[in-house]
$ cat query29.cif   # mmCIF, C-alpha atoms
data_model
#
loop_
_atom_site.label_atom_id
_atom_site.label_comp_id
_atom_site.auth_asym_id
_atom_site.auth_seq_id
_atom_site.Cartn_x
_atom_site.Cartn_y
_atom_site.Cartn_z
CA MET A 17 159.49 184.04 96.91
CA THR A 18 161.88 183.31 99.74
CA VAL A 19 163.06 179.83 100.73
CA GLU A 20 164.53 179.46 104.21
CA VAL A 21 166.03 176.44 105.99
CA ASP A 22 167.44 176.19 109.51
CA LEU A 23 171.04 175.42 108.52
CA GLY A 24 172.93 176.98 111.41
CA VAL A 25 174.49 179.73 109.28
CA TYR A 26 174.44 183.30 110.56
CA ALA A 27 172.89 186.02 108.46
CA PRO A 28 174.88 189.29 108.19
CA THR A 29 172.49 191.06 110.58
CA ASP A 30 172.19 188.30 113.22
CA PHE A 31 172.98 188.99 116.87
CA VAL A 32 175.69 186.60 118.15
CA LEU A 33 176.46 186.20 121.87
CA ASP A 34 180.06 186.93 122.92
CA ASP A 35 180.90 188.43 119.53
CA ALA A 36 182.76 191.73 119.94
CA SER A 37 180.69 193.61 117.37
CA ARG A 38 177.60 191.48 116.75
CA GLY A 39 177.02 190.75 120.45
CA VAL A 40 176.76 194.31 121.75
CA LEU A 41 173.68 194.74 123.95
CA ASN A 42 171.10 197.44 123.18
CA GLY A 43 172.42 197.80 119.64
CA THR A 44 170.24 198.08 116.55
CA ALA A 45 172.58 196.85 113.81
CA PHE A 46 172.35 193.18 114.84
CA THR A 47 169.11 191.57 115.92
CA LEU A 48 167.90 188.20 117.18
CA SER A 49 167.34 185.74 114.37
CA ALA A 50 164.64 183.14 113.90
CA GLY A 51 167.46 180.77 112.96
CA TYR A 52 166.69 180.39 109.27
CA THR A 53 169.18 180.65 106.40
CA ASP A 54 167.97 182.24 103.17
CA VAL A 55 168.76 179.79 100.35
CA THR A 56 166.50 181.33 97.72
CA THR A 57 169.30 182.04 95.21
CA SER A 58 170.01 178.30 94.90
CA ALA A 59 166.36 177.27 94.51
CA MET A 60 165.18 176.19 91.04
CA ASN A 61 161.56 175.29 91.75
CA ALA A 62 159.27 174.39 94.62
CA SER A 63 155.91 172.78 95.25
CA VAL A 64 153.65 172.73 98.31
CA SER A 65 150.62 170.54 98.97
CA ARG A 66 148.43 170.86 102.07
CA GLY A 67 144.94 169.73 103.07
CA ARG A 68 142.78 167.42 100.98
CA THR A 69 141.03 167.20 97.65
CA SER A 70 138.44 164.64 98.77
CA ARG A 71 135.26 164.60 100.85
CA LEU A 72 134.09 166.22 104.09
CA TRP A 73 134.39 163.02 106.13
CA ASP A 74 137.87 162.08 104.84
CA ALA A 75 140.99 162.78 106.90
CA MET A 76 143.48 165.44 105.85
CA ASP A 77 146.86 163.93 105.03
CA ALA A 78 150.14 165.48 106.13
CA GLY A 79 151.22 168.50 104.13
CA ASN A 80 154.51 168.47 102.29
CA ALA A 81 156.85 170.69 100.30
CA THR A 82 159.63 169.93 97.85
CA VAL A 83 162.32 172.45 96.93
CA VAL A 84 164.82 171.63 94.17
CA PHE A 85 168.23 173.33 94.49
CA GLN A 86 171.03 173.56 91.94
CA ASN A 87 173.91 171.64 93.50
CA ARG A 88 176.80 172.34 91.15
CA GLU A 89 179.05 173.49 94.03
CA ARG A 90 177.76 170.67 96.30
CA LEU A 91 176.36 173.16 98.81
CA PHE A 92 173.44 170.78 99.41
CA ASP A 93 175.50 167.58 99.49
CA PRO A 94 175.71 166.05 103.00
CA ALA A 95 178.77 164.03 101.90
CA TYR A 96 180.85 167.09 100.99
CA ILE A 97 182.97 167.93 104.04
CA ASP A 98 183.97 171.38 102.78
CA GLY A 99 180.40 172.42 102.00
CA GLN A 100 179.01 175.51 103.75
CA TYR A 101 176.11 173.52 105.21
CA TYR A 102 178.02 170.35 106.04
CA GLY A 103 176.64 168.66 109.14
CA GLU A 104 173.37 170.61 108.93
CA LEU A 105 171.75 168.72 106.05
CA VAL A 106 169.84 166.32 108.26
CA ALA A 107 166.22 165.46 109.01
CA GLY A 108 164.17 167.63 111.36
CA LYS A 109 165.48 171.05 110.30
CA ARG A 110 162.86 173.77 110.01
CA VAL A 111 161.96 174.94 106.53
CA ARG A 112 159.57 177.62 105.33
CA LEU A 113 158.48 179.25 102.10
CA ILE A 114 157.43 182.89 102.03
CA ALA A 115 155.60 184.61 99.17
CA ASN A 116 155.70 188.40 99.34
CA ASP A 117 155.61 188.69 103.14
CA THR A 118 153.22 185.77 103.75
CA THR A 119 154.37 182.36 104.96
CA VAL A 120 152.74 179.76 102.71
CA TYR A 121 154.40 176.70 104.23
CA SER A 122 156.26 175.81 107.41
CA GLY A 123 157.54 172.34 108.13
CA PHE A 124 160.51 170.08 108.83
CA THR A 125 163.08 168.52 106.51
CA GLU A 126 162.66 164.81 105.83
CA ASP A 127 164.87 163.64 102.96
CA LEU A 128 167.42 164.83 100.43
CA ARG A 129 167.42 163.34 96.94
CA LEU A 130 170.62 164.10 95.04
CA ASP A 131 170.93 163.81 91.27
CA TYR A 132 174.50 163.99 89.92
CA ASP A 133 174.27 164.75 86.22
CA VAL A 134 177.33 164.11 84.01
CA SER A 135 176.97 167.66 82.69
CA THR A 136 177.60 168.90 86.27
CA VAL A 137 174.06 170.35 86.39
CA SER A 138 173.45 168.48 89.62
CA THR A 139 170.42 169.05 91.81
CA THR A 140 169.25 168.31 95.33
CA ALA A 141 165.57 167.93 96.10
CA LEU A 142 164.74 168.76 99.71
CA LEU A 143 161.58 167.01 100.88
CA SER A 144 159.77 168.20 103.99
CA THR A 145 156.61 167.54 105.96
CA ASP A 146 154.42 169.61 108.26
CA ALA A 147 153.09 169.14 111.80
CA LEU A 148 150.76 166.31 110.77
CA GLY A 149 153.68 164.47 109.21
CA MET A 150 155.65 164.76 112.44
CA LEU A 151 152.72 163.30 114.41
CA GLY A 152 152.66 160.45 111.91
CA GLN A 153 156.11 159.41 113.11
CA LEU A 154 155.02 159.01 116.74
CA GLN A 155 153.40 156.15 118.66
CA PHE A 156 151.53 156.07 121.96
CA ASP A 157 152.16 154.23 125.18
CA ASP A 158 149.03 152.68 126.72
CA TRP A 159 146.65 155.33 128.01
CA THR A 160 142.97 156.22 128.35
CA SER A 161 141.43 159.34 126.83
CA GLY A 162 138.47 160.78 128.72
CA GLY A 163 134.99 161.60 127.47
CA LEU A 164 135.72 165.02 126.02
CA GLY A 165 135.19 167.23 123.02
CA ALA A 166 137.52 166.82 120.06
CA GLY A 167 139.63 169.87 120.94
CA ASP A 168 140.22 168.69 124.51
CA LYS A 169 141.08 165.19 123.33
CA LEU A 170 143.64 166.61 120.92
CA THR A 171 145.07 168.77 123.69
CA ASP A 172 145.52 165.67 125.86
CA VAL A 173 147.31 163.98 122.97
CA CYS A 174 149.73 166.88 122.56
CA GLU A 175 150.53 166.89 126.28
CA ARG A 176 151.42 163.21 126.39
CA ALA A 177 155.12 162.73 127.17
CA GLU A 178 155.62 160.62 124.04
CA VAL A 179 154.14 163.43 121.89
CA ALA A 180 155.08 166.70 123.67
CA TRP A 181 153.77 168.96 120.91
CA PRO A 182 154.46 172.60 121.95
CA SER A 183 151.50 174.65 123.18
CA ASP A 184 152.50 177.61 121.00
CA LEU A 185 152.26 175.42 117.89
CA ARG A 186 148.68 174.26 118.36
CA ASP A 187 145.28 175.93 118.07
CA PHE A 188 142.16 173.86 118.72
CA ASN A 189 138.54 174.85 119.12
CA GLY A 190 136.27 172.72 121.24
CA GLY A 191 134.34 170.73 118.65
CA VAL A 192 130.64 170.01 118.21
CA GLU A 193 130.33 166.53 119.73
CA THR A 194 131.21 165.06 123.11
CA LEU A 195 133.29 161.99 122.30
CA GLN A 196 133.50 158.77 124.30
CA ALA A 197 136.27 157.78 126.67
CA ASN A 198 138.49 155.20 125.02
CA THR A 199 141.65 153.21 125.66
CA ILE A 200 144.55 153.68 123.26
CA ALA A 201 146.86 150.69 122.90
CA TRP A 202 150.64 150.84 123.00
CA GLY A 203 152.02 151.38 119.51
CA THR A 204 148.96 153.23 118.15
CA ASN A 205 150.00 155.81 115.58
CA VAL A 206 149.48 159.33 116.95
CA LEU A 207 148.39 160.90 113.66
CA ASN A 208 145.92 158.12 112.92
CA TYR A 209 144.28 158.61 116.31
CA CYS A 210 144.14 162.40 115.93
CA GLN A 211 142.53 162.00 112.51
CA LEU A 212 139.94 159.65 114.03
CA VAL A 213 139.12 162.25 116.70
CA ALA A 214 138.67 164.95 114.05
CA ARG A 215 136.65 162.63 111.80
CA SER A 216 134.34 161.71 114.68
CA ASP A 217 133.48 165.41 115.00
CA LEU A 218 133.40 165.82 111.21
CA GLY A 219 135.98 168.57 111.74
CA TYR A 220 139.20 169.71 110.13
CA LEU A 221 142.64 168.75 111.49
CA PHE A 222 145.53 170.34 109.59
CA ALA A 223 148.76 172.29 109.91
CA SER A 224 148.29 175.97 109.11
CA ALA A 225 150.51 177.74 106.61
CA ASP A 226 152.74 178.98 109.43
CA GLY A 227 153.08 175.50 110.95
CA VAL A 228 150.49 175.54 113.74
CA LEU A 229 148.66 172.26 114.39
CA THR A 230 145.03 173.32 114.00
CA PHE A 231 141.58 171.84 114.63
CA ARG A 232 138.35 173.48 113.52
CA ASP A 233 134.91 171.95 113.99
CA ARG A 234 132.46 171.48 111.14
CA ASN A 235 130.66 174.74 111.93
CA VAL A 236 133.76 176.84 111.26
CA ALA A 237 132.22 178.31 108.10
CA VAL A 238 128.91 179.31 109.72
CA GLY A 239 128.70 183.08 109.73
CA ALA A 240 132.34 183.45 108.66
CA VAL A 241 133.38 186.52 106.68
CA SER A 242 134.75 185.50 103.30
CA ALA A 243 138.51 185.87 103.01
CA ALA A 244 138.38 186.62 99.28
CA SER A 245 135.95 187.28 96.44
CA VAL A 246 137.02 185.76 93.14
CA GLY A 247 135.64 185.57 89.63
CA ASP A 248 133.26 188.11 88.12
CA GLY A 249 133.93 191.45 89.76
CA GLY A 250 136.60 189.98 92.06
CA ILE A 251 140.10 188.56 91.76
CA PRO A 252 140.34 186.74 88.42
CA PHE A 253 141.16 183.05 88.32
CA ASN A 254 142.85 181.09 85.54
CA GLY A 255 140.85 177.90 85.82
CA ILE A 256 137.83 176.45 87.56
CA THR A 257 136.57 172.88 87.87
CA ALA A 258 133.02 171.93 88.81
CA ILE A 259 131.37 168.58 89.45
CA ALA A 260 127.74 167.74 88.81
CA GLY A 261 127.10 164.05 89.35
CA SER A 262 126.84 161.14 91.74
CA GLU A 263 130.11 161.42 93.70
CA LEU A 264 128.28 163.13 96.56
CA LEU A 265 124.78 161.76 96.13
CA PHE A 266 123.29 159.36 98.68
CA SER A 267 119.83 158.09 99.55
CA ARG A 268 121.04 156.29 102.67
CA VAL A 269 123.73 157.20 105.23
CA GLY A 270 124.86 154.80 107.93
CA VAL A 271 127.01 155.83 110.90
CA THR A 272 128.43 153.47 113.54
CA ARG A 273 130.44 154.39 116.61
CA GLU A 274 132.92 152.26 118.55
CA GLY A 275 130.93 149.98 120.86
CA GLY A 276 127.60 151.23 119.51
CA SER A 277 124.79 149.99 117.30
CA PRO A 278 124.48 150.87 113.60
CA THR A 279 122.28 153.90 112.87
CA THR A 280 120.81 154.79 109.51
CA ALA A 281 119.20 157.81 107.91
CA VAL A 282 117.28 157.19 104.69
CA THR A 283 115.50 159.37 102.20
CA ALA A 284 111.84 159.88 103.03
CA ASP A 285 110.54 158.55 99.70
CA ALA A 286 112.80 155.93 98.12
CA ILE A 287 110.45 155.44 95.16
CA ALA A 288 110.47 159.14 94.29
CA TRP A 289 114.24 159.33 94.82
CA ARG A 290 114.81 156.37 92.48
CA ALA A 291 112.55 157.87 89.87
CA ALA A 292 114.45 161.16 90.01
CA PHE A 293 118.05 160.00 90.45
CA GLY A 294 118.24 156.33 89.51
CA PRO A 295 119.38 153.42 91.72
CA LEU A 296 119.69 154.07 95.44
CA ARG A 297 123.16 154.97 96.76
CA SER A 298 124.60 154.38 100.23
CA LEU A 299 127.33 155.93 102.37
CA SER A 300 128.69 154.12 105.43
CA ILE A 301 130.98 155.63 108.07
CA THR A 302 132.15 153.33 110.85
CA GLY A 303 134.34 153.27 113.94
CA LEU A 304 133.73 156.83 115.16
CA LEU A 305 134.30 157.91 118.76
CA LEU A 306 130.85 159.40 119.33
CA ALA A 307 129.53 158.90 122.86
CA THR A 308 125.96 157.79 122.04
CA ASP A 309 123.98 156.16 119.27
CA ALA A 310 121.79 159.26 119.19
CA GLN A 311 124.83 161.27 118.12
CA SER A 312 125.54 158.71 115.40
CA LEU A 313 122.00 159.07 114.09
CA ASP A 314 122.22 162.87 114.21
CA LEU A 315 125.40 162.74 112.15
CA ALA A 316 123.83 160.36 109.63
CA GLU A 317 120.82 162.68 109.26
CA TYR A 318 123.10 165.69 108.90
CA LEU A 319 125.07 164.05 106.08
CA LEU A 320 121.90 162.88 104.36
CA THR A 321 120.58 166.45 104.45
CA LEU A 322 123.75 167.61 102.69
CA TYR A 323 123.95 164.88 100.07
CA ASP A 324 120.48 163.53 99.25
CA THR A 325 120.06 165.85 96.27
CA PRO A 326 122.41 166.35 93.29
CA ARG A 327 124.17 169.68 93.31
CA TYR A 328 126.46 171.63 91.03
CA ARG A 329 129.69 171.85 93.04
CA VAL A 330 132.78 173.89 92.32
CA SER A 331 135.72 171.71 93.37
CA GLU A 332 138.87 173.56 92.28
CA LEU A 333 140.12 177.07 91.54
CA VAL A 334 143.46 177.91 89.92
CA PHE A 335 145.29 181.26 89.97
CA GLU A 336 148.50 182.43 88.29
CA LEU A 337 149.83 184.90 90.82
CA HIS A 338 152.43 186.51 88.55
CA GLY A 339 149.69 188.11 86.50
CA LEU A 340 147.96 189.77 89.46
CA GLU A 341 148.36 193.02 91.33
CA THR A 342 150.33 192.73 94.58
CA ALA A 343 147.25 193.45 96.71
CA ASP A 344 145.35 190.60 95.01
CA GLN A 345 148.34 188.29 95.42
CA ASP A 346 148.45 189.08 99.12
CA THR A 347 144.72 188.43 99.51
CA LEU A 348 144.99 185.00 97.90
CA LEU A 349 148.18 184.05 99.74
CA ALA A 350 146.56 184.87 103.10
CA VAL A 351 143.73 182.37 102.53
CA ASP A 352 144.22 179.21 104.57
CA ILE A 353 142.40 175.92 105.03
CA THR A 354 138.83 176.36 106.42
CA ASP A 355 138.61 179.96 105.18
CA THR A 356 135.52 180.75 103.13
CA VAL A 357 135.63 182.46 99.74
CA ASP A 358 132.93 183.98 97.54
CA VAL A 359 132.97 182.75 93.95
CA THR A 360 130.98 184.34 91.13
CA PHE A 361 131.42 183.31 87.51
CA THR A 362 129.49 183.08 84.27
CA PRO A 363 130.76 180.08 82.25
CA ASN A 364 131.74 181.26 78.76
CA GLY A 365 129.76 184.44 79.40
CA VAL A 366 126.54 182.49 78.79
CA GLY A 367 123.53 182.70 81.10
CA ASP A 368 123.26 184.00 84.62
CA PRO A 369 126.23 184.11 87.01
CA ILE A 370 126.81 181.15 89.31
CA VAL A 371 127.34 182.33 92.88
CA GLN A 372 128.68 180.06 95.62
CA VAL A 373 130.22 180.36 99.09
CA LEU A 374 132.98 177.77 99.37
CA VAL A 375 135.34 176.44 102.02
CA VAL A 376 139.00 175.99 101.13
CA GLN A 377 140.03 172.46 102.13
CA GLY A 378 143.29 172.07 100.21
CA ILE A 379 146.04 174.37 98.94
CA ARG A 380 148.78 173.71 96.40
CA HIS A 381 151.62 175.95 95.20
CA ASP A 382 153.73 175.19 92.11
CA ILE A 383 156.56 177.70 91.87
CA THR A 384 159.34 178.42 89.35
CA PRO A 385 161.36 181.62 88.87
CA SER A 386 158.76 182.90 86.38
CA THR A 387 155.49 181.34 87.56
CA HIS A 388 153.55 180.80 90.77
CA ARG A 389 150.44 178.69 90.29
CA LEU A 390 148.10 178.55 93.28
CA THR A 391 145.40 175.86 93.38
CA TRP A 392 142.59 175.67 95.90
CA SER A 393 140.55 172.54 96.51
CA VAL A 394 137.14 173.78 97.64
CA MET A 395 133.77 172.45 98.74
CA ASP A 396 130.37 173.78 99.67
CA ALA A 397 130.22 175.49 103.04
CA PRO A 398 128.37 172.80 105.06
CA LEU A 399 125.77 174.53 107.22
CA PRO A 400 124.16 172.77 110.19
CA PHE A 401 120.39 172.43 110.19
CA PHE A 402 118.03 172.85 113.14
CA ARG A 403 115.96 169.70 113.68
CA LEU A 404 113.23 169.22 116.29
CA ASP A 405 113.87 166.49 118.87
CA SER A 406 117.56 166.20 117.96
CA SER A 407 119.85 166.23 121.00
CA THR A 408 122.52 168.06 119.01
CA TYR A 409 120.69 170.05 116.33
CA GLY A 410 117.47 170.73 118.21
CA VAL A 411 118.91 172.91 120.97
CA LEU A 412 117.20 176.29 121.29
CA ASP A 413 119.25 179.51 121.34
CA SER A 414 122.15 177.81 119.54
CA ASP A 415 123.81 178.72 116.24
CA VAL A 416 122.76 175.73 114.15
CA LEU A 417 119.90 177.20 112.16
CA GLY A 418 120.17 176.33 108.46
CA PHE A 419 118.70 177.93 105.38
#
$ encode --input "query29.cif" --output "C-alpha cells"
Amino acid sequence: MTVEVDLGVYAPTDFVLDDASRGVLNGTAFTLSAGYTDVTTSAMNASVSRGRTSRLWDAMDAGNATVVFQNRERLFDPAYIDGQYYGELVAGKRVRLIANDTTVYSGFTEDLRLDYDVSTVSTTALLSTDALGMLGQLQFDDWTSGGLGAGDKLTDVCERAEVAWPSDLRDFNGGVETLQANTIAWGTNVLNYCQLVARSDLGYLFASADGVLTFRDRNVAVGAVSAASVGDGGIPFNGITAIAGSELLFSRVGVTREGGSPTTAVTADAIAWRAAFGPLRSLSITGLLLATDAQSLDLAEYLLTLYDTPRYRVSELVFELHGLETADQDTLLAVDITDTVDVTFTPNGVGDPIVQVLVVQGIRHDITPSTHRLTWSVMDAPLPFFRLDSSTYGVLDSDVLGF
C-alpha cells in the first residue's frame, strides 16, 4: 500500500524549475511530479468506502477515505509551525491510496482529527471525500436544464460556472431515457440534483477509483465481460452473504414523474401472488425527471419484472488480499463500480454450485500493516426486457432483449 497526499513537498526525483541540478532540461534523473507526497511510513491504518450497499433505485452517496497517521513528531499537526507540512494541512488537498500499482481511491482532504494521548502516542486521522462529496458542497444559481439524456444533463451541470468540474475528470454515457426540461432554483444542491438525474434514468453516478466523476446507464452490465471470476474454480473469497426474502419483493410498483400523473404496474394475478408469497407489497418512486408518463409506466413495468418473484441474491463478498497471489490481488483491485463478476460457490460443499453474474455497486477497503480486507457490495445484473408496444423496450433492432 502507498498513501499519498498533495502536501507541497518535493520528492527526491522531482523536477524543479530554476534549480541548478533538478531543473536541467532534457535530463532523466529528475522528472515531472504529479504533486503528491508519499506519507506511507507514517500511516497506521486506512479505510475506504465507495458506492452503495442498498437498492438499484437508491442514490450512491459520496465516497470517503480515512487514514490514521502516527503524530508523535507532530508532522500532521497544523498548529505546529516547525512541522514539515506546516501550512499544507488544509482542506481540498488531493489524496490517493494505491495498492500494488492500482489506485483504489482518489479524493480531496476534508478534516483532520487530532488525538493527543498522554503517552505521546498521538494520532491524526485525515478524512477525505471524492468527486461526489465535492459536488455536495456546491449550489446552483437559477438556470434551466434542457430536455436531454442523463449524460448530457450531467455534462451541462459540470459546465456551469458555479460548478466548473474539469472535463478530464468526468466520463458520462448517454443514458437510456430522454429526461424533461426543468428549472433549477437558486441554492439547489448540485449533488442532490445530479443524483436525481441518475435516479431518473435508473443509472449509476459515482466517482471511479481514480477520481473520475462517472455516469453509467442501467444497461451497463448487458453483454459486459466479467472483470473477475470468484469462488469455486476462481479467486477464493473469505466470506459471502446472501439474501432470500422480502426486501426486494413487490406485487405493485408505482412511478411518478415531476408534473406527471401516477403510473402503476401490478402483478397479473394478485390472488395467485398472495397465495404464493403472502400479503401484497408495494414500491413507490416519485419525483423523477422522465419526460412522459409512458416512460414512467415503462420504468414501473421494468422494476416489477425484476422484483415480482422472490430470488436468492448474493449481496456481499469479502476477500483478504494478503492471502492471495499477486495476480489475483491485482484482478480484484482493478474491479470498480458497475463491473460485472462471475460468482460460483457451493455452500458448505453441499448440493449443486450456485452460479450468478453480479454487478459491483459498492467497494470497501479496510487496511492495516498486516491485513487488507476488500468488501464488495453486489447485486443481480439487471437485464432489460423486450416488451411489445413499449416506447422504450419495444424498439426493434435494439439491445434490450432479455432472457
$ resolve_selection --input "query29.cif" --expression "the PyMOL selection byres ((chain A and resi 55) around 9)" --output "JSON, numbers by chain"
{"A": [18, 19, 20, 21, 53, 54, 56, 57, 58, 59, 85]}
$ residues_near_point --input "query29.cif" --point "(130.2, 167.2, 103.4)" --cutoff "10 Å" --atoms "all atoms listed in the file" --output "list in words"
Ser70, Arg71, Leu72, Trp73, Asp74, Leu218, Arg234, Leu264, Tyr318, Leu319, Leu320, Thr321, Leu322, Tyr323, Met395, Asp396, Ala397, Pro398 and Leu399 of chain A
$ write_last_selection --input "query29.cif" --atoms "C-alpha atoms" --output "PDB file, in the coordinates of the input"
ATOM      1  CA  SER A  70     138.440 164.640  98.770  1.00  0.00           C
ATOM      2  CA  ARG A  71     135.260 164.600 100.850  1.00  0.00           C
ATOM      3  CA  LEU A  72     134.090 166.220 104.090  1.00  0.00           C
ATOM      4  CA  TRP A  73     134.390 163.020 106.130  1.00  0.00           C
ATOM      5  CA  ASP A  74     137.870 162.080 104.840  1.00  0.00           C
ATOM      6  CA  LEU A 218     133.400 165.820 111.210  1.00  0.00           C
ATOM      7  CA  ARG A 234     132.460 171.480 111.140  1.00  0.00           C
ATOM      8  CA  LEU A 264     128.280 163.130  96.560  1.00  0.00           C
ATOM      9  CA  TYR A 318     123.100 165.690 108.900  1.00  0.00           C
ATOM     10  CA  LEU A 319     125.070 164.050 106.080  1.00  0.00           C
ATOM     11  CA  LEU A 320     121.900 162.880 104.360  1.00  0.00           C
ATOM     12  CA  THR A 321     120.580 166.450 104.450  1.00  0.00           C
ATOM     13  CA  LEU A 322     123.750 167.610 102.690  1.00  0.00           C
ATOM     14  CA  TYR A 323     123.950 164.880 100.070  1.00  0.00           C
ATOM     15  CA  MET A 395     133.770 172.450  98.740  1.00  0.00           C
ATOM     16  CA  ASP A 396     130.370 173.780  99.670  1.00  0.00           C
ATOM     17  CA  ALA A 397     130.220 175.490 103.040  1.00  0.00           C
ATOM     18  CA  PRO A 398     128.370 172.800 105.060  1.00  0.00           C
ATOM     19  CA  LEU A 399     125.770 174.530 107.220  1.00  0.00           C
TER      20      LEU A 399
END
$ closest_residue --input "query29.cif" --among "A:Ile370, A:Leu313, A:Trp202, A:Pro326" --to "Gly294 in chain A" --atoms "all atoms listed in the file"
A:Pro326
$ resolve_selection --input "query29.cif" --expression "the PyMOL selection byres ((chain A and resi 240) around 10)" --output "ChimeraX atom specification"
/A:235-239,241-243,354-357,397
$ resolve_selection --input "query29.cif" --expression "the PyMOL selection byres ((chain A and resi 208-214) around 9)" --output "ChimeraX atom specification"
/A:74-77,151-152,165-167,169-170,173,191,195,200,204-207,215-221,231-233,303-305
$ closest_residue --input "query29.cif" --among "A:Ala197, A:Gln377, A:Glu126, A:Ala107" --to "Gly275 in chain A" --atoms "only C-alpha atoms"
A:Ala197
$ residues_near_point --input "query29.cif" --point "(162.1, 162.3, 96.0)" --cutoff "7 Å" --atoms "all atoms listed in the file" --output "list in words"
Arg129, Ala141 and Leu143 of chain A
$ write_last_selection --input "query29.cif" --atoms "C-alpha atoms" --output "PDB file, in the frame of the given file"
ATOM      1  CA  ARG A 129     167.420 163.340  96.940  1.00  0.00           C
ATOM      2  CA  ALA A 141     165.570 167.930  96.100  1.00  0.00           C
ATOM      3  CA  LEU A 143     161.580 167.010 100.880  1.00  0.00           C
TER       4      LEU A 143
END
$ build_atoms --input "query29.cif" --residues "range 370-384 of chain A" --atoms "N, CA, C and O atoms" --output "short mmCIF file (atom, residue, chain, number, x, y, z; two decimals), in the frame of the given file"
data_model
loop_
_atom_site.label_atom_id
_atom_site.label_comp_id
_atom_site.auth_asym_id
_atom_site.auth_seq_id
_atom_site.Cartn_x
_atom_site.Cartn_y
_atom_site.Cartn_z
N ILE A 370 126.88 182.16 88.25
CA ILE A 370 126.81 181.15 89.31
C ILE A 370 127.51 181.73 90.53
O ILE A 370 128.64 182.18 90.45
N VAL A 371 126.82 181.74 91.65
CA VAL A 371 127.34 182.33 92.88
C VAL A 371 127.38 181.27 93.96
O VAL A 371 126.36 180.62 94.25
N GLN A 372 128.56 181.05 94.56
CA GLN A 372 128.68 180.06 95.62
C GLN A 372 129.61 180.57 96.72
O GLN A 372 130.54 181.33 96.46
N VAL A 373 129.32 180.15 97.95
CA VAL A 373 130.22 180.36 99.09
C VAL A 373 130.90 179.02 99.36
O VAL A 373 130.23 178.02 99.58
N LEU A 374 132.23 179.01 99.32
CA LEU A 374 132.98 177.77 99.37
C LEU A 374 133.99 177.80 100.52
O LEU A 374 134.44 178.85 100.95
N VAL A 375 134.32 176.61 101.00
CA VAL A 375 135.34 176.44 102.02
C VAL A 375 136.60 175.88 101.37
O VAL A 375 136.53 174.89 100.62
N VAL A 376 137.73 176.50 101.64
CA VAL A 376 139.00 175.99 101.13
C VAL A 376 139.42 174.81 102.00
O VAL A 376 139.57 174.94 103.21
N GLN A 377 139.63 173.65 101.37
CA GLN A 377 140.03 172.46 102.13
C GLN A 377 141.39 171.92 101.69
O GLN A 377 141.92 171.00 102.32
N GLY A 378 141.96 172.48 100.64
CA GLY A 378 143.29 172.07 100.21
C GLY A 378 143.96 173.19 99.44
O GLY A 378 143.29 173.96 98.74
N ILE A 379 145.28 173.30 99.58
CA ILE A 379 146.04 174.37 98.94
C ILE A 379 147.30 173.77 98.33
O ILE A 379 148.01 173.00 98.98
N ARG A 380 147.56 174.15 97.07
CA ARG A 380 148.78 173.71 96.40
C ARG A 380 149.47 174.90 95.75
O ARG A 380 148.80 175.76 95.17
N HIS A 381 150.80 174.95 95.87
CA HIS A 381 151.62 175.95 95.20
C HIS A 381 152.59 175.22 94.28
O HIS A 381 153.25 174.25 94.70
N ASP A 382 152.71 175.68 93.04
CA ASP A 382 153.73 175.19 92.11
C ASP A 382 154.50 176.41 91.63
O ASP A 382 153.94 177.28 90.93
N ILE A 383 155.80 176.46 91.98
CA ILE A 383 156.56 177.70 91.87
C ILE A 383 157.83 177.47 91.05
O ILE A 383 158.59 176.52 91.31
N THR A 384 158.08 178.34 90.08
CA THR A 384 159.34 178.42 89.35
C THR A 384 159.77 179.88 89.38
O THR A 384 159.03 180.74 89.87
#
